[in-house]
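> Got target_3.txt for you, compact mmCIF, C-alpha atoms and all ligand atoms:
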```txt
# COMPACT_ATOMS: atom_id res chain seq x y z
CA MET A 3 -26.20 -24.06 20.92
CA ASN A 4 -25.10 -26.53 23.56
CA PRO A 5 -25.03 -24.57 26.87
CA ALA A 6 -21.53 -25.82 27.78
CA ALA A 7 -20.20 -24.65 24.41
CA LEU A 8 -21.81 -21.25 24.89
CA LEU A 9 -20.30 -21.01 28.35
CA ALA A 10 -16.88 -21.84 26.94
CA LEU A 11 -17.25 -18.97 24.46
CA GLU A 12 -17.91 -16.66 27.39
CA TRP A 13 -14.55 -17.61 28.90
CA LEU A 14 -12.54 -17.57 25.71
CA ALA A 15 -9.65 -15.06 25.46
CA THR A 16 -10.25 -14.69 21.72
CA ALA A 17 -12.95 -12.21 20.78
CA VAL A 18 -15.86 -13.98 19.08
CA VAL A 19 -18.64 -12.27 17.14
CA LEU A 20 -21.60 -13.91 15.40
CA LEU A 21 -23.35 -12.11 12.56
CA ASP A 22 -26.52 -12.85 10.63
CA ARG A 23 -26.85 -12.63 6.86
CA ALA A 24 -27.39 -8.86 7.02
CA LEU A 25 -24.17 -8.59 9.09
CA ARG A 26 -26.15 -7.67 12.23
CA VAL A 27 -24.42 -8.61 15.47
CA LYS A 28 -26.18 -11.59 17.07
CA TYR A 29 -23.67 -12.44 19.76
CA VAL A 30 -20.43 -11.08 21.21
CA ASN A 31 -18.43 -12.71 23.97
CA PRO A 32 -16.87 -10.70 26.82
CA ALA A 33 -13.47 -10.72 25.08
CA ALA A 34 -15.08 -8.93 22.11
CA GLU A 35 -16.78 -6.43 24.44
CA ALA A 36 -13.40 -5.69 25.97
CA LEU A 37 -11.71 -5.45 22.58
CA PHE A 38 -14.20 -2.91 21.23
CA ALA A 39 -14.52 -1.20 24.63
CA THR A 40 -18.29 -1.42 24.49
CA SER A 41 -21.07 -3.38 26.05
CA ARG A 42 -23.02 -6.22 24.55
CA LYS A 43 -26.22 -4.23 24.93
CA THR A 44 -24.98 -1.41 22.72
CA ILE A 45 -23.79 -3.50 19.82
CA LEU A 46 -26.31 -6.34 19.60
CA GLU A 47 -28.47 -5.97 16.49
CA GLN A 48 -26.18 -3.25 15.08
CA ALA A 49 -24.73 -3.69 11.60
CA PHE A 50 -21.20 -4.84 12.42
CA PRO A 51 -19.29 -2.84 9.75
CA GLU A 52 -21.07 0.35 10.83
CA LEU A 53 -19.35 0.14 14.19
CA PHE A 54 -16.13 1.10 12.44
CA ALA A 55 -14.93 4.01 10.36
CA ASP A 56 -14.20 3.48 6.67
CA SER A 57 -15.39 -0.11 6.64
CA SER A 58 -17.12 -0.56 3.30
CA ALA A 59 -14.32 -2.89 2.17
CA LEU A 60 -14.84 -5.04 5.27
CA ALA A 61 -18.58 -5.19 4.60
CA GLY A 62 -17.84 -6.32 1.05
CA LEU A 63 -15.58 -9.11 2.24
CA LEU A 64 -18.09 -10.33 4.85
CA HIS A 65 -20.95 -10.34 2.36
CA GLN A 66 -18.76 -12.21 -0.08
CA ALA A 67 -17.86 -14.81 2.58
CA ILE A 68 -21.58 -15.44 3.19
CA ARG A 69 -22.47 -15.50 -0.49
CA GLU A 70 -19.69 -17.86 -1.49
CA GLU A 71 -19.81 -19.81 1.79
CA ARG A 72 -16.08 -19.41 2.02
CA GLY A 73 -14.18 -18.08 5.00
CA PHE A 74 -10.96 -16.12 5.04
CA ALA A 75 -8.15 -15.09 7.34
CA ASP A 76 -6.52 -11.69 7.58
CA GLN A 77 -3.21 -11.24 9.34
CA ASP A 78 -3.37 -7.52 9.88
CA LEU A 79 -6.94 -6.35 9.75
CA VAL A 80 -7.27 -2.76 10.88
CA LEU A 81 -10.59 -1.72 12.45
CA VAL A 82 -11.20 1.76 13.75
CA PRO A 83 -14.08 1.84 16.27
CA SER A 84 -15.53 5.34 16.15
CA GLY A 85 -13.72 7.71 18.46
CA GLN A 86 -11.03 5.14 19.32
CA GLU A 87 -7.53 4.14 18.31
CA PRO A 88 -7.21 1.73 15.38
CA LEU A 89 -7.16 -1.95 16.33
CA HIS A 90 -4.70 -4.25 14.57
CA LEU A 91 -6.12 -7.74 14.53
CA ASP A 92 -5.52 -11.26 13.36
CA CYS A 93 -8.91 -12.27 12.10
CA ILE A 94 -10.54 -15.53 11.01
CA VAL A 95 -13.96 -15.48 9.38
CA THR A 96 -15.95 -18.70 9.01
CA PRO A 97 -19.41 -19.13 7.49
CA VAL A 98 -21.66 -21.05 9.89
CA ASP A 99 -25.09 -22.56 9.64
CA LEU A 100 -26.78 -21.60 12.91
CA PRO A 101 -30.44 -20.69 13.40
CA GLN A 102 -29.70 -16.98 13.78
CA ALA A 103 -26.15 -16.58 12.56
CA ALA A 104 -24.36 -16.93 9.24
CA LEU A 105 -20.84 -15.82 10.08
CA LEU A 106 -18.40 -16.44 12.91
CA LEU A 107 -15.59 -13.93 13.49
CA GLU A 108 -12.59 -14.70 15.67
CA LEU A 109 -10.48 -11.64 16.39
CA ARG A 110 -7.20 -11.45 18.25
CA PRO A 111 -5.24 -8.21 18.73
CA ILE A 112 -1.74 -8.38 17.28
CA ASP A 113 0.63 -7.48 19.95
CA GLN A 114 2.46 -4.26 19.34
CA ARG A 115 5.86 -5.92 19.66
CA LEU A 116 5.06 -8.54 17.06
CA ARG A 117 3.89 -5.85 14.68
CA ILE A 118 7.06 -3.84 15.16
CA GLU A 119 9.15 -6.99 14.66
CA ARG A 120 7.35 -7.78 11.43
CA GLU A 121 7.86 -4.23 10.22
CA GLU A 122 11.51 -4.28 11.19
CA GLN A 123 12.09 -7.56 9.42
CA ARG A 124 10.57 -6.08 6.30
CA MET A 125 12.81 -3.03 6.54
CA THR A 126 16.01 -5.03 7.05
CA GLN A 127 15.11 -7.19 4.10
CA HIS A 128 14.37 -4.09 2.06
CA ARG A 129 17.72 -2.49 2.92
CA ALA A 130 19.63 -5.66 2.04
CA ASN A 131 17.83 -5.95 -1.28
CA ARG A 132 18.48 -2.35 -2.11
CA GLU A 133 22.16 -2.68 -1.38
CA LEU A 134 22.39 -5.79 -3.54
CA ILE A 135 20.64 -4.09 -6.42
CA ARG A 136 22.79 -0.98 -6.15
CA ASN A 137 25.97 -3.01 -6.27
CA LEU A 138 24.69 -4.93 -9.23
CA ALA A 139 23.68 -1.72 -11.01
CA HIS A 140 27.17 -0.31 -10.50
CA GLU A 141 28.75 -3.40 -11.95
CA ILE A 142 26.49 -3.26 -14.98
CA LYS A 143 26.96 0.45 -15.57
CA ASN A 144 30.71 0.38 -15.97
CA PRO A 145 31.05 -2.07 -18.87
CA LEU A 146 27.95 -0.54 -20.41
CA GLY A 147 29.80 2.71 -21.08
CA GLY A 148 32.58 0.82 -22.86
CA LEU A 149 30.08 -1.16 -24.87
CA ARG A 150 28.26 1.90 -26.08
CA GLY A 151 31.42 3.83 -26.87
CA SER A 152 32.84 0.94 -28.91
CA ALA A 153 29.62 0.58 -30.86
CA GLN A 154 29.79 4.27 -31.71
CA LEU A 155 33.39 3.98 -32.91
CA LEU A 156 32.52 0.91 -34.90
CA GLU A 157 29.62 2.75 -36.51
CA ARG A 158 31.98 5.39 -37.90
CA GLU A 159 34.10 2.72 -39.56
CA LEU A 160 31.17 0.99 -41.23
CA ASP A 161 30.42 2.01 -44.77
CA ARG A 162 27.36 -0.18 -45.32
CA PRO A 163 24.23 1.45 -43.83
CA SER A 164 22.67 -1.98 -43.35
CA LEU A 165 25.47 -2.84 -40.90
CA ARG A 166 24.92 0.42 -39.05
CA GLU A 167 21.50 -0.83 -38.10
CA TYR A 168 23.21 -3.36 -35.83
CA THR A 169 25.32 -0.75 -34.06
CA ARG A 170 22.17 1.39 -33.67
CA VAL A 171 20.51 -1.50 -31.87
CA ILE A 172 23.51 -1.92 -29.56
CA ILE A 173 23.53 1.79 -28.76
CA LYS A 174 19.77 1.97 -28.23
CA GLU A 175 19.68 -1.02 -25.93
CA ALA A 176 22.74 0.20 -24.04
CA ASP A 177 20.92 3.51 -23.47
CA ARG A 178 17.85 1.70 -22.23
CA LEU A 179 19.91 -0.31 -19.76
CA GLN A 180 21.74 2.83 -18.71
CA ALA A 181 18.44 4.58 -17.94
CA LEU A 182 17.29 1.58 -15.89
CA MET A 183 20.56 1.51 -13.93
CA ASP A 184 20.31 5.23 -13.28
CA ARG A 185 16.84 4.72 -11.81
CA LEU A 186 18.22 1.95 -9.62
CA LEU A 187 20.97 4.21 -8.35
CA THR A 188 19.05 7.46 -7.75
CA PRO A 189 17.73 7.21 -4.21
CA HIS A 190 21.03 7.93 -2.57
CA ARG A 191 20.71 11.69 -2.75
CA PRO A 192 20.19 12.70 0.85
CA PRO A 193 16.90 14.52 1.31
CA ILE A 194 16.99 18.31 1.48
CA HIS A 195 14.47 19.31 4.14
CA VAL A 196 12.57 22.58 3.86
CA PRO A 197 9.32 23.74 5.47
CA MET A 198 6.49 22.42 3.34
CA ASN A 199 2.83 21.54 3.19
CA ILE A 200 1.58 18.08 2.27
CA HIS A 201 -1.18 19.53 0.12
CA GLU A 202 1.34 21.09 -2.26
CA VAL A 203 2.52 17.53 -2.87
CA CYS A 204 -1.03 16.28 -3.40
CA GLU A 205 -1.93 19.09 -5.80
CA ARG A 206 1.22 18.59 -7.86
CA VAL A 207 0.60 14.85 -8.09
CA ARG A 208 -3.03 15.47 -8.97
CA SER A 209 -2.19 17.73 -11.89
CA LEU A 210 0.56 15.39 -13.13
CA ILE A 211 -1.81 12.40 -13.05
CA LEU A 212 -4.60 14.32 -14.80
CA ALA A 213 -2.13 15.39 -17.49
CA GLU A 214 -0.76 11.88 -17.95
CA PHE A 215 -4.17 10.14 -17.90
CA PRO A 216 -6.54 12.68 -19.43
CA GLU A 217 -9.33 10.14 -19.83
CA GLY A 218 -10.92 7.65 -17.53
CA VAL A 219 -9.48 8.59 -14.14
CA ARG A 220 -10.92 11.10 -11.70
CA VAL A 221 -8.67 12.36 -8.94
CA GLU A 222 -10.70 13.39 -5.89
CA ARG A 223 -9.31 15.35 -2.96
CA ASP A 224 -10.25 14.76 0.64
CA TYR A 225 -7.92 17.00 2.59
CA ASP A 226 -7.71 17.87 6.23
CA VAL A 227 -6.78 21.49 5.63
CA GLY A 228 -5.83 21.95 9.27
CA LEU A 229 -2.68 19.85 8.88
CA PRO A 230 0.42 21.73 10.01
CA GLU A 231 3.49 22.44 7.90
CA PHE A 232 6.44 20.12 8.38
CA ARG A 233 10.03 19.78 7.21
CA GLY A 234 10.54 17.52 4.24
CA ASP A 235 11.97 17.17 0.76
CA PRO A 236 9.14 18.18 -1.60
CA GLU A 237 10.74 16.68 -4.74
CA GLN A 238 11.21 13.30 -3.11
CA LEU A 239 7.73 13.24 -1.61
CA ILE A 240 6.13 14.26 -4.92
CA GLN A 241 8.03 11.45 -6.62
CA ALA A 242 6.91 8.95 -3.94
CA VAL A 243 3.23 9.90 -4.12
CA LEU A 244 3.32 10.16 -7.90
CA ASN A 245 4.68 6.61 -8.21
CA ILE A 246 1.85 5.33 -6.02
CA ALA A 247 -0.88 7.34 -7.74
CA ARG A 248 0.42 6.44 -11.19
CA ASN A 249 0.18 2.74 -10.31
CA ALA A 250 -3.42 3.32 -9.24
CA ALA A 251 -4.30 5.03 -12.53
CA GLN A 252 -2.49 2.36 -14.54
CA ALA A 253 -4.31 -0.40 -12.66
CA ILE A 254 -7.68 1.23 -13.35
CA LEU A 255 -6.99 1.72 -17.04
CA GLY A 256 -5.43 -1.75 -17.35
CA ALA A 257 -8.58 -3.33 -15.91
CA ARG A 258 -10.78 -1.29 -18.21
CA SER A 259 -8.99 -2.67 -21.26
CA HIS A 260 -9.90 -6.18 -20.06
CA PRO A 261 -13.67 -6.45 -20.35
CA GLY A 262 -15.08 -8.94 -17.88
CA SER A 263 -12.81 -7.65 -15.12
CA GLY A 264 -16.02 -6.96 -13.19
CA LEU A 265 -15.27 -3.30 -12.59
CA ARG A 266 -18.47 -1.29 -12.59
CA ASP A 267 -17.55 2.06 -11.19
CA ASP A 268 -15.78 4.90 -12.89
CA GLY A 269 -12.09 4.97 -12.28
CA GLU A 270 -11.35 7.06 -9.24
CA VAL A 271 -8.25 7.85 -7.24
CA VAL A 272 -8.72 9.64 -3.92
CA LEU A 273 -5.96 11.64 -2.26
CA ARG A 274 -6.83 11.86 1.43
CA THR A 275 -4.89 13.55 4.21
CA ARG A 276 -5.43 13.09 7.93
CA ILE A 277 -3.71 13.59 11.21
CA ALA A 278 -2.67 10.41 13.02
CA ARG A 279 -1.97 10.29 16.74
CA ARG A 280 0.24 8.06 18.85
CA VAL A 281 1.89 6.00 16.16
CA THR A 282 5.03 3.88 16.25
CA LEU A 283 7.02 4.18 13.05
CA ALA A 284 10.22 2.22 12.58
CA ARG A 285 10.46 1.58 16.34
CA ARG A 286 10.00 5.20 17.34
CA PHE A 287 6.93 6.49 19.05
CA HIS A 288 5.46 9.70 17.67
CA LYS A 289 2.69 11.71 19.26
CA LEU A 290 1.63 13.16 15.95
CA ALA A 291 1.95 12.01 12.39
CA LEU A 292 0.56 12.93 9.05
CA GLU A 293 -1.24 10.37 6.99
CA LEU A 294 -1.62 10.54 3.25
CA GLN A 295 -3.79 7.89 1.63
CA VAL A 296 -3.96 7.11 -2.06
CA VAL A 297 -7.10 5.03 -2.56
CA ASP A 298 -8.27 3.62 -5.86
CA ASN A 299 -11.26 1.55 -6.94
CA GLY A 300 -9.28 -0.51 -9.45
CA PRO A 301 -8.86 -4.26 -9.64
CA GLY A 302 -6.49 -4.58 -6.66
CA ILE A 303 -2.94 -5.87 -6.52
CA PRO A 304 -2.56 -9.32 -8.08
CA ALA A 305 -2.55 -11.86 -5.22
CA GLU A 306 0.67 -13.54 -6.42
CA ILE A 307 2.75 -10.41 -5.82
CA ARG A 308 0.82 -8.77 -2.99
CA ASP A 309 3.53 -9.50 -0.40
CA GLN A 310 6.41 -8.46 -2.62
CA ILE A 311 5.36 -5.24 -4.31
CA PHE A 312 7.89 -3.15 -2.39
CA TYR A 313 10.78 -5.31 -3.56
CA PRO A 314 12.75 -4.01 -6.52
CA LEU A 315 11.97 -5.42 -9.95
CA VAL A 316 8.66 -6.97 -8.87
CA SER A 317 6.02 -5.95 -11.36
CA GLY A 318 2.58 -7.22 -12.28
CA ARG A 319 2.26 -4.90 -15.21
CA GLU A 320 3.36 -5.44 -18.77
CA GLY A 321 6.26 -3.09 -19.43
CA GLY A 322 6.66 -2.28 -15.72
CA THR A 323 10.17 -2.15 -14.27
CA GLY A 324 9.01 -2.81 -10.73
CA LEU A 325 10.90 0.15 -9.27
CA GLY A 326 8.14 2.68 -8.60
CA LEU A 327 7.19 1.40 -5.15
CA THR A 328 10.77 0.60 -4.13
CA LEU A 329 11.68 4.22 -4.79
CA ALA A 330 8.53 5.50 -3.08
CA GLN A 331 9.39 3.47 0.00
CA THR A 332 12.99 4.66 0.03
CA PHE A 333 11.96 8.31 -0.16
CA VAL A 334 9.39 7.91 2.60
CA GLN A 335 11.85 6.05 4.82
CA GLN A 336 14.30 8.90 4.37
CA HIS A 337 11.62 10.98 6.11
CA GLU A 338 11.44 8.35 8.87
CA GLY A 339 8.00 7.41 7.63
CA VAL A 340 6.41 4.20 6.40
CA VAL A 341 4.31 3.15 3.42
CA GLU A 342 1.65 0.52 3.98
CA CYS A 343 -0.78 -1.07 1.65
CA GLU A 344 -4.11 -2.86 1.83
CA SER A 345 -5.67 -4.19 -1.31
CA GLN A 346 -8.65 -6.10 -2.52
CA PRO A 347 -10.57 -5.98 -5.79
CA GLY A 348 -12.37 -2.64 -5.92
CA ARG A 349 -10.33 -0.94 -3.24
CA THR A 350 -6.60 -0.48 -2.88
CA CYS A 351 -5.26 1.87 -0.27
CA PHE A 352 -1.66 2.99 0.09
CA ARG A 353 -0.95 4.90 3.31
CA ILE A 354 2.09 7.07 3.75
CA VAL A 355 2.62 7.96 7.39
CA LEU A 356 5.15 10.70 8.19
CA PRO A 357 6.08 11.74 11.72
CA LEU A 358 5.45 15.35 12.71
CA ARG A 359 7.54 16.98 15.32
N1 LIG A 401 -3.00 0.58 -6.97
C1 LIG A 401 -2.62 -0.59 -7.50
N2 LIG A 401 -3.57 -1.44 -8.00
C2 LIG A 401 -3.21 -2.62 -8.54
N3 LIG A 401 -1.92 -3.07 -8.62
C3 LIG A 401 -0.96 -2.28 -8.15
C4 LIG A 401 -1.24 -1.01 -7.55
N4 LIG A 401 -0.08 -0.47 -7.15
C5 LIG A 401 0.88 -1.35 -7.48
N5 LIG A 401 0.37 -2.44 -8.08
C6 LIG A 401 1.12 -3.61 -8.54
O1 LIG A 401 2.41 -3.57 -7.98
C7 LIG A 401 3.39 -3.68 -9.01
C8 LIG A 401 4.65 -2.97 -8.60
O2 LIG A 401 4.51 -1.58 -8.71
P1 LIG A 401 5.78 -0.66 -8.99
O3 LIG A 401 5.33 0.74 -9.10
O4 LIG A 401 6.83 -0.97 -7.98
O5 LIG A 401 6.32 -1.18 -10.39
P2 LIG A 401 5.69 -1.00 -11.84
O6 LIG A 401 4.54 -0.05 -11.78
O7 LIG A 401 5.40 -2.35 -12.36
O8 LIG A 401 6.90 -0.38 -12.67
P3 LIG A 401 7.49 1.12 -12.58
O9 LIG A 401 6.72 1.86 -11.54
O10 LIG A 401 8.91 0.95 -12.18
O11 LIG A 401 7.30 1.67 -13.92
C9 LIG A 401 2.72 -3.14 -10.24
O12 LIG A 401 3.28 -3.67 -11.41
C10 LIG A 401 1.27 -3.61 -10.05
O13 LIG A 401 1.13 -4.94 -10.48
MG MG A 402 4.79 1.84 -10.89
```
Translate this structure into structure tokens?
Ligand SMILES: Nc1ncnc2c1ncn2[C@@H]1O[C@H](COP(=O)(O)OP(=O)(O)OP(=O)(O)O)[C@@H](O)[C@H]1O
Ligand SMILES: [Mg+2]


Amino acid sequence: MNPAALLALEWLATAVVLLDRALRVKYVNPAAEALFATSRKTILEQAFPELFADSSALAGLLHQAIREERGFADQDLVLVPSGQEPLHLDCIVTPVDLPQAALLLELRPIDQRLRIEREEQRMTQHRANRELIRNLAHEIKNPLGGLRGSAQLLERELDRPSLREYTRVIIKEADRLQALMDRLLTPHRPPIHVPMNIHEVCERVRSLILAEFPEGVRVERDYDVGLPEFRGDPEQLIQAVLNIARNAAQAILGARSHPGSGLRDDGEVVLRTRIARRVTLARRFHKLALELQVVDNGPGIPAEIRDQIFYPLVSGREGGTGLGLTLAQTFVQQHEGVVECESQPGRTCFRIVLPLR
């Protein structure tokens, strides 16, 4: 490399890392050393993904970028250097053709304020949407009652059974709409907080999922049994986690029914619990939080809807109403927590983070 260019890299504020085809670190600039709080000497020649916890998905993406000679950008990449706090990064990955290196990584920490602003924007949007939908549901529910009642009265007056088929259709469809509206209107019950354990929630969800999907999905547990009790609404949290885990199982089975989806592994959903320290949730700082991950090895969330899955009525599934995640998010927010999601083919991870106090 031209010596002036190399020197410029040394001065750059953006962290730069060069990797070879085996993802071994060939170069890091001082900004990257500072970012990972390590020295060049320690990380040169190390496999880059192995510097971080839980990074098999990252390794997959980097290998893919090399194989397909196609870069990518990630707006909120989370890397957890071992023994350190998670890093939230804007990341650009570019394949390069250098004598020793095949991949160039540019990494810039996302400033905490920006992250909080993004999260807040999402929450405001979510609240506004929910309010709109609720109002709409109310408006639909009222005339629906009249419609159904009239169809019933009409049915009594009809003497030809063939005509009754029409009133049956009206009544059946009115009932279907009614059920949908009821689901749209449920979340307003205030949570009833009692002392509880997160693993009761996990175990309930696990048995419900195994009962609903008796074939083709394993549900593994990876619990931190030392997690303390906390105050929460068990019914709401079970419903939230169940909606997320059910999506995972449905995605796995949906992909299986499409041969050629490229899925090799057995369908697996992992329920993982961990303690999280020093987190900011919805603008408030918490020393301790509880993290529940639902990870599946299904096909991933379709790219077209990835940014909208928490909005009501957004569904990528035939027959889906698009309410499961909206409800899950509402229930978790009522516990002052957040739901986050990361997804790529082969690994989708939903994280529920609940403050502990
Ligand atoms: N683990 C996952 N893997 C792949 N896609 C997912 C996953 N979780 C959610 N999705 C996608 O997000 C969409 C929205 O999910 P959501 O639970 O809100 O609605 P739904 O499952 O379509 O309908 P409902 O839950 O109301 O019956 C799903 O339709 C699916 O396309
Ligand atoms: Mg769902």

> So which residues touch Pro97 of chain A within 8 Å, counting all atoms listed in the file, skipping near sequence neighbours fewer than 3 positions away, as a list in words?

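Neighbouring residues, sequence-local ones excluded: Ala67, Ile68, Glu71, Arg72, Gly73, Ala104, Leu105 and Leu106 of chain A.
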
> Determine, counting only C-alpha atoms, which protein, DNA and RNA residues have an atom within 9 Å of an atom of Asp226 of chain A; residues of the same chain fewer than 2 positions away are not included. Present the result as a ChimeraX atom specification.

/A:224,228-229,274-277

> How close does chain A get to ligand MG 402 (chain A)? List, as a Markdown table, each residue of chain A within 9 Å, its nearest atom pair and the distance in Å to one decimal, counting all atoms listed in the file.


```
| residue | atom | partner | partner_atom | distance |
| --- | --- | --- | --- | --- |
| A:Leu244 | CA | A:MG402 | MG | 9.0 |
| A:Asn245 | CA | A:MG402 | MG | 5.5 |
| A:Ile246 | CA | A:MG402 | MG | 6.7 |
| A:Ala247 | CA | A:MG402 | MG | 8.5 |
| A:Arg248 | CA | A:MG402 | MG | 6.4 |
| A:Asn249 | CA | A:MG402 | MG | 4.7 |
| A:Ala250 | CA | A:MG402 | MG | 8.5 |
| A:Gln252 | CA | A:MG402 | MG | 8.2 |
| A:Ser317 | CA | A:MG402 | MG | 7.9 |
| A:Arg319 | CA | A:MG402 | MG | 8.4 |
| A:Gly322 | CA | A:MG402 | MG | 6.6 |
| A:Thr323 | CA | A:MG402 | MG | 7.5 |
| A:Gly324 | CA | A:MG402 | MG | 6.3 |
| A:Leu325 | CA | A:MG402 | MG | 6.5 |
| A:Gly326 | CA | A:MG402 | MG | 4.1 |
| A:Leu327 | CA | A:MG402 | MG | 6.2 |
```

> Can you write just those residues out, C-alpha atoms, as a CSV table (one decimal), in the frame of the given file?


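Output file out-v5.csv follows:
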```csv
chain,number,residue,atom,x,y,z
A,244,LEU,CA,3.3,10.2,-7.9
A,245,ASN,CA,4.7,6.6,-8.2
A,246,ILE,CA,1.8,5.3,-6.0
A,247,ALA,CA,-0.9,7.3,-7.7
A,248,ARG,CA,0.4,6.4,-11.2
A,249,ASN,CA,0.2,2.7,-10.3
A,250,ALA,CA,-3.4,3.3,-9.2
A,252,GLN,CA,-2.5,2.4,-14.5
A,317,SER,CA,6.0,-6.0,-11.4
A,319,ARG,CA,2.3,-4.9,-15.2
A,322,GLY,CA,6.7,-2.3,-15.7
A,323,THR,CA,10.2,-2.2,-14.3
A,324,GLY,CA,9.0,-2.8,-10.7
A,325,LEU,CA,10.9,0.2,-9.3
A,326,GLY,CA,8.1,2.7,-8.6
A,327,LEU,CA,7.2,1.4,-5.2
```

> Go through segment 224-330 of chain A and flag each residue having an atom no more than 7 Å from segment 340-348 of chain A; for those, report the closest pair of atoms plus their distance in Å to one decimal, using only C-alpha atoms, ordered by chain and rising number, as a tab-separated table.


```
residue	atom	partner	partner_atom	distance
A:Leu283	CA	A:Val340	CA	6.7
A:Asn299	CA	A:Gly348	CA	4.5
A:Gly300	CA	A:Gly348	CA	5.2
A:Pro301	CA	A:Pro347	CA	4.6
A:Gly302	CA	A:Pro347	CA	4.4
A:Ile303	CA	A:Ser345	CA	6.1
```

> Using only C-alpha atoms, which of the listed residues (A:Leu186, A:Leu315, A:Val243, A:Ala49) sits closest to Ile142 of chain A?

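Comparing A:Leu186, A:Leu315, A:Val243, A:Ala49 against Ile142 of chain A, the winner is A:Leu186.
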